[in-house]
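Chemist: Have a look at the structure that comes next, please.
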There are 2 protein chains.
Amino acid sequence: MRRMLDGVRAAGLKLTPQRLAIVRELAEDESHPTAQELFERLRSDQPTMSFATVYNTLDALSTAGLCAALSLSPGSGRFDPNMAPHHHLVCDRCGAVRDVPSVPALDPPAEDAMRREIARVAPGFEVRSVEKIMRGRCAACISPKKTRTT
Amino acid sequence: MRRMLDGVRAAGLKLTPQRLAIVRELAEDESHPTAQELFERLRSDQPTMSFATVYNTLDALSTAGLCAALSLSPGSGRFDPNMAPHHHLVCDRCGAVRDVPSVPALDPPAEDAMRREIARVAPGFEVRSVEKIMRGRCAACISPKKTRTT
DNA sequence: TTGCAGATTAGAATCGTTCTTAGTAAGAAA
DNA sequence: TTTCTTACTAAGAACGATTCTAATCTGCAA
């Protein structure tokens with residue numbers, strides 16, 4: 001909350017009542033709300049708040065590095081025929097996706113620590129699949145002179 | 001391709017020309033196509049193919065475990081105020097999301113191996129963030145008797 | 001060969017997100 | 001404190017992706 005408001009100022013963004021309300025709603029929320037959910041919750045206090053404002057503000061916050069925008073919904077977007085264990089390299093600029101074969105990642109003590117963490121924050125959760133997404137910039141987007149698009 | 005077709009039969013799904021075309025298009029494709037992209041590519045060969053069929057088939061394939069449906073698009077869906085390094089636990093049934101503080105995961109040799117893999121499959125790629133999503137079932141969805149919904 | 005459960009088609013409907021435009025107000029400067 | 005500039009907001013239309021619907025068709029088991 002404090003951190004986020006300070007960040008809003010630091011990013012040169014105006015601190016409007018709408019933004020204050022959105023920050024207040026989001027900052028301590030651990031449920032990973034959607035824009036829709038935030039909008040519904042805010043509507044009682046801010047009956048004139050518009051949808052676009054919620055999206056604009058969330059976009060501004062995540063651009064400023066004050067919150068993260070996640071796409072966690074299963075079963076949407078892209079399809080991958082590779083069923084061998086692997087991770088994904090996603091270029092934030094051009095959207096290209098590459099598979100990376102997974103290497104045995106966790107040493108046994110670290111694996112135990114992770115299991116304990118999971119048991120602590122979500123007792124009884126049964127993990128069925130693990131997906132790792134590494135975002136960044138692909139070579140073509142870092143130095144566009146040498147390469148063509150696509 | 002072969003694996004996927006065998007899988008279609010094994011799952012008790014009918015092998016229609018449309019499905020054959022979709023499998024043919026997807027099976028060797030490493031570009032993680034969207035349903036739209038597949039549809040456009042297929043349209044020349046199968047001018048009567050409908051969108052719904054592409055979606056239905058991809059859904060059937062991923063339900064049968066023959067391909068994976070990924071949501072890799074950045075900046076959509078859910079928002080997370082937690083900017084400390086952490087992973088996500090997503091329940092496939094109720095959609096609940098929980099943060100898991102990340103433990104130091106990779107031992108140095110494994111980390112090196114991962115770096116080498118990345119350099120091999122995507123030379124020059126600059127990783128800026130890593131996101132780990134563990135999907136499965138939360139305790140409430142495994143034994144619904146003891147808990148209420150939400 | 002036939003029967004039928006399951007698949008397909010076309011297009012309407014729905015959902016989440018973004019855009020547009022006119023009006024508003026935060027906050028810097030005087 | 002007042003003014004001014006510029007960024008922000010409201011409202012709803014537009015958009016793109018996905019799902020639904022209802023009618024028709026077909027793969028394949030018997």
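In the structure tokens, the first chain shown is A, the next is B, and so on; residue numbers restart at 1 for each chain, and ligands run from 1 in the order shown.
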As a count of residues only, please: the residues near B:Asn82 (cut-off 8 Å, only C-alpha atoms (C1' of nucleotides), same-chain neighbours under 5 positions excluded).
Modeler: 3
Chemist: Leaving out D:DG16 and any residue of its chain fewer than 6 positions from it, which residues lie within 12 Å of it when counting only C-alpha atoms (C1' of nucleotides), given as a CSV table (one decimal) with C-alpha atoms (C1' of nucleotides), in the first residue's frame?
Modeler:
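Wrote out-v8.csv, looks like this:
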```
chain,number,residue,atom,x,y,z
B,36,GLN,CA,-6.6,-18.6,-35.1
C,15,DC,C1',-16.7,-12.4,-22.5
C,16,DG,C1',-12.8,-9.7,-21.5
C,17,DT,C1',-10.2,-5.9,-23.0
C,18,DT,C1',-9.2,-1.7,-25.7
```
Chemist: When you get a sec, could you note down which chain C residues fall within 8 Å of chain B, using only C-alpha atoms (C1' of nucleotides), as an MDAnalysis selection string?
Modeler: chainID C and resid 6:10
Chemist: Take the residues that were just selected and, keeping N, CA and C atoms (P, O5', C5', C4', C3', O3' and C1' of nucleotides), output them as a CSV table (one decimal), in the first residue's frame.
Modeler:
```csv
chain,number,residue,atom,x,y,z
C,6,DG,P,-21.1,-40.7,-27.2
C,6,DG,O5',-20.3,-39.9,-28.3
C,6,DG,C5',-19.5,-40.6,-29.2
C,6,DG,C4',-19.2,-39.8,-30.4
C,6,DG,C3',-18.6,-38.4,-29.9
C,6,DG,O3',-17.5,-38.2,-30.7
C,6,DG,C1',-20.4,-38.1,-31.5
C,7,DA,P,-16.6,-36.9,-30.7
C,7,DA,O5',-16.9,-36.2,-32.1
C,7,DA,C5',-16.6,-37.0,-33.2
C,7,DA,C4',-16.9,-36.1,-34.4
C,7,DA,C3',-16.3,-34.7,-34.3
C,7,DA,O3',-15.6,-34.4,-35.6
C,7,DA,C1',-18.6,-34.6,-34.8
C,8,DT,P,-15.0,-33.0,-35.9
C,8,DT,O5',-16.2,-32.4,-36.7
C,8,DT,C5',-16.5,-32.9,-38.0
C,8,DT,C4',-17.5,-31.9,-38.7
C,8,DT,C3',-17.0,-30.5,-38.7
C,8,DT,O3',-16.9,-30.1,-40.1
C,8,DT,C1',-19.2,-30.7,-37.9
C,9,DT,P,-16.3,-28.7,-40.5
C,9,DT,O5',-17.6,-27.8,-40.7
C,9,DT,C5',-18.6,-28.3,-41.5
C,9,DT,C4',-19.8,-27.3,-41.5
C,9,DT,C3',-19.4,-25.8,-41.5
C,9,DT,O3',-20.0,-25.2,-42.7
C,9,DT,C1',-20.9,-26.3,-39.7
C,10,DA,P,-19.4,-23.9,-43.3
C,10,DA,O5',-20.4,-22.8,-42.6
C,10,DA,C5',-21.8,-23.0,-42.8
C,10,DA,C4',-22.6,-22.0,-42.0
C,10,DA,C3',-21.9,-20.6,-41.9
C,10,DA,O3',-22.9,-19.7,-42.3
C,10,DA,C1',-22.3,-21.4,-39.7
```
Chemist: Smallest atom-to-atom distance to chain D: which of B:Ala110, B:Ala35, B:Leu5, B:Ala11, using only C-alpha atoms (C1' of nucleotides)?
Modeler: B:Ala35
Chemist: Using only C-alpha atoms and a distance of at most 7 Å, pull out the residues of chain B that contact chain A, as a PyMOL selection string.
Modeler: chain B and resi 26-27+31-34+66-83+97-98+100+103-107+110+113-114+117-118+121+123-139
Chemist: Kindly determine which residues of chain D lie within 8 Å of chain A, considering only C-alpha atoms (C1' of nucleotides), and give the answer as number ranges by chain.
Modeler: D: 7-11
Chemist: Could you take the residues named above and write them with N, CA and C atoms (P, O5', C5', C4', C3', O3' and C1' of nucleotides), as a PDB file, in the first residue's frame?
Modeler:
```pdb
ATOM      1  P    DA D   7       1.204  14.869 -20.495  1.00  0.00           P
ATOM      2  O5'  DA D   7       0.430  14.021 -19.395  1.00  0.00           O
ATOM      3  C5'  DA D   7       0.773  14.192 -18.024  1.00  0.00           C
ATOM      4  C4'  DA D   7      -0.356  13.660 -17.172  1.00  0.00           C
ATOM      5  C3'  DA D   7      -0.764  12.239 -17.548  1.00  0.00           C
ATOM      6  O3'  DA D   7      -0.982  11.544 -16.336  1.00  0.00           O
ATOM      7  C1'  DA D   7      -2.633  13.687 -17.720  1.00  0.00           C
ATOM      8  P    DC D   8      -1.537  10.123 -16.288  1.00  0.00           P
ATOM      9  O5'  DC D   8      -3.084  10.382 -16.010  1.00  0.00           O
ATOM     10  C5'  DC D   8      -3.460  11.025 -14.791  1.00  0.00           C
ATOM     11  C4'  DC D   8      -4.964  11.074 -14.732  1.00  0.00           C
ATOM     12  C3'  DC D   8      -5.644   9.722 -14.886  1.00  0.00           C
ATOM     13  O3'  DC D   8      -6.399   9.480 -13.716  1.00  0.00           O
ATOM     14  C1'  DC D   8      -6.643  11.383 -16.290  1.00  0.00           C
ATOM     15  P    DT D   9      -7.295   8.182 -13.630  1.00  0.00           P
ATOM     16  O5'  DT D   9      -8.704   8.676 -14.178  1.00  0.00           O
ATOM     17  C5'  DT D   9      -9.403   9.698 -13.486  1.00  0.00           C
ATOM     18  C4'  DT D   9     -10.776   9.870 -14.095  1.00  0.00           C
ATOM     19  C3'  DT D   9     -11.570   8.573 -14.260  1.00  0.00           C
ATOM     20  O3'  DT D   9     -12.831   8.740 -13.637  1.00  0.00           O
ATOM     21  C1'  DT D   9     -11.505   9.799 -16.306  1.00  0.00           C
ATOM     22  P    DA D  10     -13.843   7.586 -13.552  1.00  0.00           P
ATOM     23  O5'  DA D  10     -14.882   7.985 -14.689  1.00  0.00           O
ATOM     24  C5'  DA D  10     -15.506   9.261 -14.626  1.00  0.00           C
ATOM     25  C4'  DA D  10     -16.619   9.329 -15.646  1.00  0.00           C
ATOM     26  C3'  DA D  10     -17.514   8.102 -15.713  1.00  0.00           C
ATOM     27  O3'  DA D  10     -18.867   8.543 -15.872  1.00  0.00           O
ATOM     28  C1'  DA D  10     -16.382   8.409 -17.805  1.00  0.00           C
ATOM     29  P    DA D  11     -20.037   7.516 -15.761  1.00  0.00           P
ATOM     30  O5'  DA D  11     -20.302   7.145 -17.290  1.00  0.00           O
ATOM     31  C5'  DA D  11     -20.661   8.164 -18.214  1.00  0.00           C
ATOM     32  C4'  DA D  11     -20.731   7.545 -19.592  1.00  0.00           C
ATOM     33  C3'  DA D  11     -21.372   6.156 -19.592  1.00  0.00           C
ATOM     34  O3'  DA D  11     -22.543   6.225 -20.377  1.00  0.00           O
ATOM     35  C1'  DA D  11     -19.330   6.191 -20.836  1.00  0.00           C
TER      36       DA D  11
END
```
Chemist: Would you please extract all strand (DSSP E or B) residues from chain B, as assigned by DSSP on the backbone, and give them as a PyMOL selection string?
Modeler: chain B and resi 34+68-70+78-80+86-91+97-101+106+126-137
Chemist: Mind checking DSSP for stretch 2-56 of chain B and telling me the alpha helix (DSSP H) residues as a PyMOL selection string?
Modeler: chain B and resi 2-10+17-27+35-43+51-56
Chemist: Could you write those residues out with N, CA and C atoms, as a compact mmCIF listing (two decimals), in the first residue's frame?
Modeler:
```txt
# COMPACT_ATOMS: atom_id res chain seq x y z
N ARG B 2 2.31 -39.47 -35.37
CA ARG B 2 1.89 -40.84 -35.11
C ARG B 2 1.37 -40.98 -33.68
N ARG B 3 2.18 -40.47 -32.75
CA ARG B 3 1.79 -40.53 -31.35
C ARG B 3 0.42 -39.89 -31.13
N MET B 4 0.23 -38.76 -31.78
CA MET B 4 -1.00 -38.01 -31.57
C MET B 4 -2.20 -38.75 -32.16
N LEU B 5 -2.01 -39.31 -33.35
CA LEU B 5 -3.11 -40.04 -33.98
C LEU B 5 -3.46 -41.28 -33.16
N ASP B 6 -2.42 -41.99 -32.73
CA ASP B 6 -2.68 -43.15 -31.87
C ASP B 6 -3.45 -42.72 -30.63
N GLY B 7 -3.03 -41.59 -30.10
CA GLY B 7 -3.69 -41.07 -28.90
C GLY B 7 -5.15 -40.75 -29.13
N VAL B 8 -5.44 -40.22 -30.30
CA VAL B 8 -6.83 -39.90 -30.63
C VAL B 8 -7.69 -41.17 -30.59
N ARG B 9 -7.18 -42.22 -31.22
CA ARG B 9 -7.90 -43.49 -31.18
C ARG B 9 -8.01 -43.99 -29.75
N ALA B 10 -6.86 -44.01 -29.07
CA ALA B 10 -6.83 -44.55 -27.71
C ALA B 10 -7.82 -43.82 -26.80
N PRO B 17 -11.61 -36.31 -40.93
CA PRO B 17 -10.64 -35.61 -41.78
C PRO B 17 -10.21 -34.29 -41.15
N GLN B 18 -11.14 -33.60 -40.50
CA GLN B 18 -10.80 -32.34 -39.85
C GLN B 18 -9.75 -32.55 -38.77
N ARG B 19 -9.98 -33.57 -37.95
CA ARG B 19 -9.03 -33.84 -36.88
C ARG B 19 -7.68 -34.25 -37.43
N LEU B 20 -7.72 -35.05 -38.48
CA LEU B 20 -6.47 -35.45 -39.10
C LEU B 20 -5.69 -34.22 -39.57
N ALA B 21 -6.40 -33.30 -40.20
CA ALA B 21 -5.74 -32.09 -40.71
C ALA B 21 -5.16 -31.27 -39.56
N ILE B 22 -5.93 -31.16 -38.48
CA ILE B 22 -5.45 -30.36 -37.35
C ILE B 22 -4.24 -31.00 -36.71
N VAL B 23 -4.30 -32.32 -36.53
CA VAL B 23 -3.16 -33.03 -35.96
C VAL B 23 -1.94 -32.87 -36.85
N ARG B 24 -2.15 -33.03 -38.15
CA ARG B 24 -1.05 -32.89 -39.09
C ARG B 24 -0.41 -31.50 -38.96
N GLU B 25 -1.25 -30.51 -38.78
CA GLU B 25 -0.74 -29.14 -38.72
C GLU B 25 -0.03 -28.86 -37.39
N LEU B 26 -0.58 -29.43 -36.33
CA LEU B 26 -0.04 -29.10 -35.00
C LEU B 26 1.15 -29.95 -34.61
N ALA B 27 1.12 -31.21 -35.00
CA ALA B 27 2.03 -32.18 -34.37
C ALA B 27 3.50 -31.80 -34.47
N ALA B 35 -5.22 -20.90 -31.92
CA ALA B 35 -6.29 -21.55 -32.67
C ALA B 35 -6.54 -20.79 -33.98
N GLN B 36 -6.47 -19.49 -33.89
CA GLN B 36 -6.65 -18.65 -35.07
C GLN B 36 -5.63 -18.99 -36.16
N GLU B 37 -4.37 -19.08 -35.74
CA GLU B 37 -3.31 -19.37 -36.71
C GLU B 37 -3.53 -20.71 -37.39
N LEU B 38 -3.86 -21.71 -36.60
CA LEU B 38 -4.12 -23.02 -37.17
C LEU B 38 -5.27 -22.96 -38.15
N PHE B 39 -6.31 -22.27 -37.75
CA PHE B 39 -7.49 -22.16 -38.61
C PHE B 39 -7.13 -21.54 -39.96
N GLU B 40 -6.36 -20.47 -39.92
CA GLU B 40 -5.99 -19.80 -41.17
C GLU B 40 -5.18 -20.73 -42.07
N ARG B 41 -4.25 -21.45 -41.45
CA ARG B 41 -3.42 -22.35 -42.25
C ARG B 41 -4.24 -23.49 -42.83
N LEU B 42 -5.23 -23.94 -42.08
CA LEU B 42 -6.01 -25.10 -42.51
C LEU B 42 -7.02 -24.73 -43.58
N ARG B 43 -7.40 -23.48 -43.59
CA ARG B 43 -8.52 -23.09 -44.43
C ARG B 43 -8.29 -23.37 -45.92
N PHE B 51 -14.39 -22.69 -37.24
CA PHE B 51 -13.66 -22.30 -36.05
C PHE B 51 -13.93 -23.20 -34.87
N ALA B 52 -15.20 -23.48 -34.69
CA ALA B 52 -15.60 -24.28 -33.55
C ALA B 52 -14.90 -25.63 -33.58
N THR B 53 -14.71 -26.19 -34.77
CA THR B 53 -14.05 -27.48 -34.87
C THR B 53 -12.60 -27.40 -34.42
N VAL B 54 -11.94 -26.32 -34.81
CA VAL B 54 -10.56 -26.15 -34.37
C VAL B 54 -10.51 -26.11 -32.85
N TYR B 55 -11.37 -25.30 -32.28
CA TYR B 55 -11.38 -25.20 -30.82
C TYR B 55 -11.77 -26.53 -30.18
N ASN B 56 -12.81 -27.14 -30.70
CA ASN B 56 -13.24 -28.41 -30.13
C ASN B 56 -12.13 -29.45 -30.18
```
Chemist: Atom C1' of C:DG11 to atom CA of B:Gln46: how many Å, to one decimal?
Modeler: 18.2 Å
Chemist: Set the distance at 12 Å and use only C-alpha atoms (C1' of nucleotides): which residues neighbour C:DA28 once local chain neighbours fewer than 3 positions away are removed? I'd like the list as a ChimeraX atom specification.
Modeler: /A:14 /D:3-6
Chemist: Distance atom C1' of D:DC15-atom C1' of C:DA13, one decimal place?
Modeler: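 So the answer is 14.6 Å.
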Chemist: Find the residue from C:DA12, C:DA5, C:DA29, C:DA22 that sits nearest to D:DC20; use only C-alpha atoms (C1' of nucleotides) when measuring.
Modeler: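 Nearest to D:DC20: C:DA12.
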Chemist: May I ask for the distance between atom C1' of C:DA25 and atom CA of A:Asp45, given in Å to one decimal place?
Modeler: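 If I compute the distance from atom C1' of C:DA25 to atom CA of A:Asp45, I get 19.1 Å.
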